[in-house]
$ cat upload_36.pdb   # PDB, C-alpha atoms
ATOM      1  CA  ARG A1312     146.950  41.795 187.259
ATOM      2  CA  TYR A1313     145.617  41.752 183.687
ATOM      3  CA  ARG A1314     145.151  45.505 183.531
ATOM      4  CA  HIS A1315     147.670  46.052 180.732
ATOM      5  CA  HIS A1316     145.607  43.826 178.403
ATOM      6  CA  VAL A1317     142.453  45.900 178.774
ATOM      7  CA  ARG A1318     141.943  48.987 176.680
ATOM      8  CA  LEU A1319     139.087  51.242 177.748
ATOM      9  CA  ARG A1320     136.769  52.671 175.119
ATOM     10  CA  GLY A1321     137.856  56.146 174.086
ATOM     11  CA  TYR A1322     141.416  55.719 175.356
ATOM     12  CA  ALA A1323     144.305  55.042 173.019
ATOM     13  CA  ALA A1324     147.163  52.660 173.679
ATOM     14  CA  ALA A1325     150.648  54.044 174.162
ATOM     15  CA  GLY A1326     151.858  55.723 170.981
ATOM     16  CA  GLU A1327     148.410  55.800 169.304
ATOM     17  CA  GLU A1328     146.331  58.832 168.502
ATOM     18  CA  PRO A1329     143.087  59.000 170.502
ATOM     19  CA  LYS A1330     140.175  57.894 168.334
ATOM     20  CA  GLU A1331     137.146  60.098 167.925
ATOM     21  CA  VAL A1332     133.968  58.531 169.278
ATOM     22  CA  ILE A1333     131.150  58.826 166.746
ATOM     23  CA  GLU A1334     127.700  59.494 168.156
ATOM     24  CA  TYR A1335     124.652  58.133 166.348
ATOM     25  CA  ALA A1336     120.965  58.999 166.581
ATOM     26  CA  HIS A1337     118.285  56.439 165.782
ATOM     27  CA  GLY A1338     115.465  58.430 164.269
ATOM     28  CA  ILE A1339     114.445  62.024 163.770
ATOM     29  CA  THR A1340     113.166  62.434 167.333
ATOM     30  CA  GLU A1341     116.486  61.408 168.881
ATOM     31  CA  LEU A1342     118.461  63.564 166.448
ATOM     32  CA  SER A1343     116.331  66.617 167.245
ATOM     33  CA  GLN A1344     116.944  66.067 170.981
ATOM     34  CA  LYS A1345     120.703  65.694 170.542
ATOM     35  CA  ILE A1346     121.045  68.706 168.226
ATOM     36  CA  GLY A1347     118.606  70.834 170.207
ATOM     37  CA  CYS A1348     116.023  71.794 167.601
ATOM     38  CA  CYS A1349     112.452  70.783 166.855
ATOM     39  CA  GLN A1350     111.474  67.731 164.840
ATOM     40  CA  SER A1351     109.870  69.826 162.108
ATOM     41  CA  THR A1352     113.262  71.451 161.445
ATOM     42  CA  ILE A1353     114.880  68.018 161.035
ATOM     43  CA  TYR A1354     112.063  66.943 158.692
ATOM     44  CA  MET A1355     112.558  70.104 156.623
ATOM     45  CA  LEU A1356     116.363  69.667 156.463
ATOM     46  CA  LYS A1357     115.974  66.023 155.450
ATOM     47  CA  LYS A1358     113.375  66.879 152.802
ATOM     48  CA  GLU A1359     115.654  69.541 151.304
ATOM     49  CA  GLY A1360     118.566  67.067 151.204
ATOM     50  CA  VAL A1361     120.743  68.948 153.697
ATOM     51  CA  LEU A1362     121.170  65.902 155.963
ATOM     52  CA  ASP A1363     121.818  63.350 153.192
ATOM     53  CA  ASP A1364     125.544  63.064 154.012
ATOM     54  CA  ALA A1365     124.757  62.503 157.709
ATOM     55  CA  ILE A1366     122.532  59.474 157.082
ATOM     56  CA  VAL A1367     124.445  56.316 157.936
ATOM     57  CA  SER A1368     121.624  53.911 157.165
ATOM     58  CA  GLN A1369     118.010  54.114 156.093
ATOM     59  CA  VAL A1370     115.747  51.107 155.714
ATOM     60  CA  GLY A1371     112.164  52.146 155.152
ATOM     61  CA  ARG A1372     111.247  54.557 157.940
ATOM     62  CA  LYS A1373     114.203  53.662 160.178
ATOM     63  CA  ILE A1374     117.019  56.191 159.879
ATOM     64  CA  ILE A1375     120.399  56.304 161.641
ATOM     65  CA  PHE A1376     122.195  59.659 161.635
ATOM     66  CA  ASN A1377     125.780  60.596 162.432
ATOM     67  CA  VAL A1378     125.080  63.346 164.995
ATOM     68  CA  GLY A1379     128.335  65.270 164.511
ATOM     69  CA  LYS A1380     127.920  65.413 160.739
ATOM     70  CA  ALA A1381     124.243  66.334 161.012
ATOM     71  CA  ARG A1382     125.037  69.181 163.404
ATOM     72  CA  ALA A1383     127.793  70.505 161.123
ATOM     73  CA  LEU A1384     125.569  70.314 158.025
ATOM     74  CA  ALA A1385     122.684  72.047 159.815
ATOM     75  CA  ASP A1386     125.011  74.811 161.051
ATOM     76  CA  GLU A1387     126.421  75.324 157.549
ATOM     77  CA  TYR A1388     122.907  75.465 156.093
ATOM     78  CA  GLN A1389     121.884  78.033 158.704
ATOM     79  CA  ARG A1390     124.952  80.192 157.929
ATOM     80  CA  THR A1391     124.294  80.172 154.201
ATOM     81  CA  GLN A1392     120.615  81.015 154.718
ATOM     82  CA  ARG A1393     121.592  84.006 156.869
ATOM     83  CA  GLU A1394     123.995  85.233 154.190
ATOM     84  CA  ILE A1395     121.305  84.909 151.521
ATOM     85  CA  ARG A1396     118.832  86.882 153.654
ATOM     86  CA  ARG A1397     121.417  89.614 154.275
ATOM     87  CA  GLU A1398     122.138  89.936 150.558
ATOM     88  CA  ASN A1399     118.434  90.290 149.775
ATOM     89  CA  LEU A1400     117.912  93.184 152.210
TER      90      LEU A1400
END

$ encode --input "upload_36.pdb" --output "structure tokens"
Amino acid sequence: RYRHHVRLRGYAAAGEEPKEVIEYAHGITELSQKIGCCQSTIYMLKKEGVLDDAIVSQVGRKIIFNVGKARALADEYQRTQREIRRENL
């Protein structure tokens, strides 16, 4: 009866573009699970400043990451490191 008033999350109304759902990770442990790498890798990437653009909020030790951005930044870092190693051989 009231179905036309309800808009489900992730679905766009008629004539709208579908909105991208942003996934967040609360902490380094959760980010490492979602990306699929070990925590020490996340610590290293954060220390080197690779993940700075993926940090949504940081208050003290509590960090919230944008998972999609973090994954893209980590992939880009990995690609550039491979290219550097190839050039040095």

$ resolve_selection --input "upload_36.pdb" --expression "the PyMOL selection byres ((chain A and resi 1348-1363) around 8)" --output "CSV table (one decimal) with C-alpha atoms, in the coordinates of the input"
chain,number,residue,atom,x,y,z
A,1339,ILE,CA,114.4,62.0,163.8
A,1340,THR,CA,113.2,62.4,167.3
A,1342,LEU,CA,118.5,63.6,166.4
A,1343,SER,CA,116.3,66.6,167.2
A,1344,GLN,CA,116.9,66.1,171.0
A,1346,ILE,CA,121.0,68.7,168.2
A,1347,GLY,CA,118.6,70.8,170.2
A,1364,ASP,CA,125.5,63.1,154.0
A,1365,ALA,CA,124.8,62.5,157.7
A,1366,ILE,CA,122.5,59.5,157.1
A,1381,ALA,CA,124.2,66.3,161.0
A,1384,LEU,CA,125.6,70.3,158.0
A,1385,ALA,CA,122.7,72.0,159.8
A,1388,TYR,CA,122.9,75.5,156.1

$ residues_near_point --input "upload_36.pdb" --point "(130.8, 59.3, 166.8)" --cutoff "8 Å" --atoms "all atoms listed in the file" --output "number ranges by chain"
A: 1331-1335, 1377-1379

$ closest_residue --input "upload_36.pdb" --among "A:Gly1338, A:Ile1395, A:Asp1386, A:Lys1345" --to "Val1370 of chain A" --atoms "all atoms listed in the file"
A:Gly1338

$ atom_distance --input "upload_36.pdb" --atom1 "atom CA of Glu1387 of chain A" --atom2 "atom CA of Ile1374 of chain A"
21.4 Å

$ atom_distance --input "upload_36.pdb" --atom1 "atom CA of Phe1376 of chain A" --atom2 "atom CA of His1337 of chain A"
6.5 Å

$ atom_distance --input "upload_36.pdb" --atom1 "atom CA of Ser1368 of chain A" --atom2 "atom CA of Ala1383 of chain A"
18.1 Å
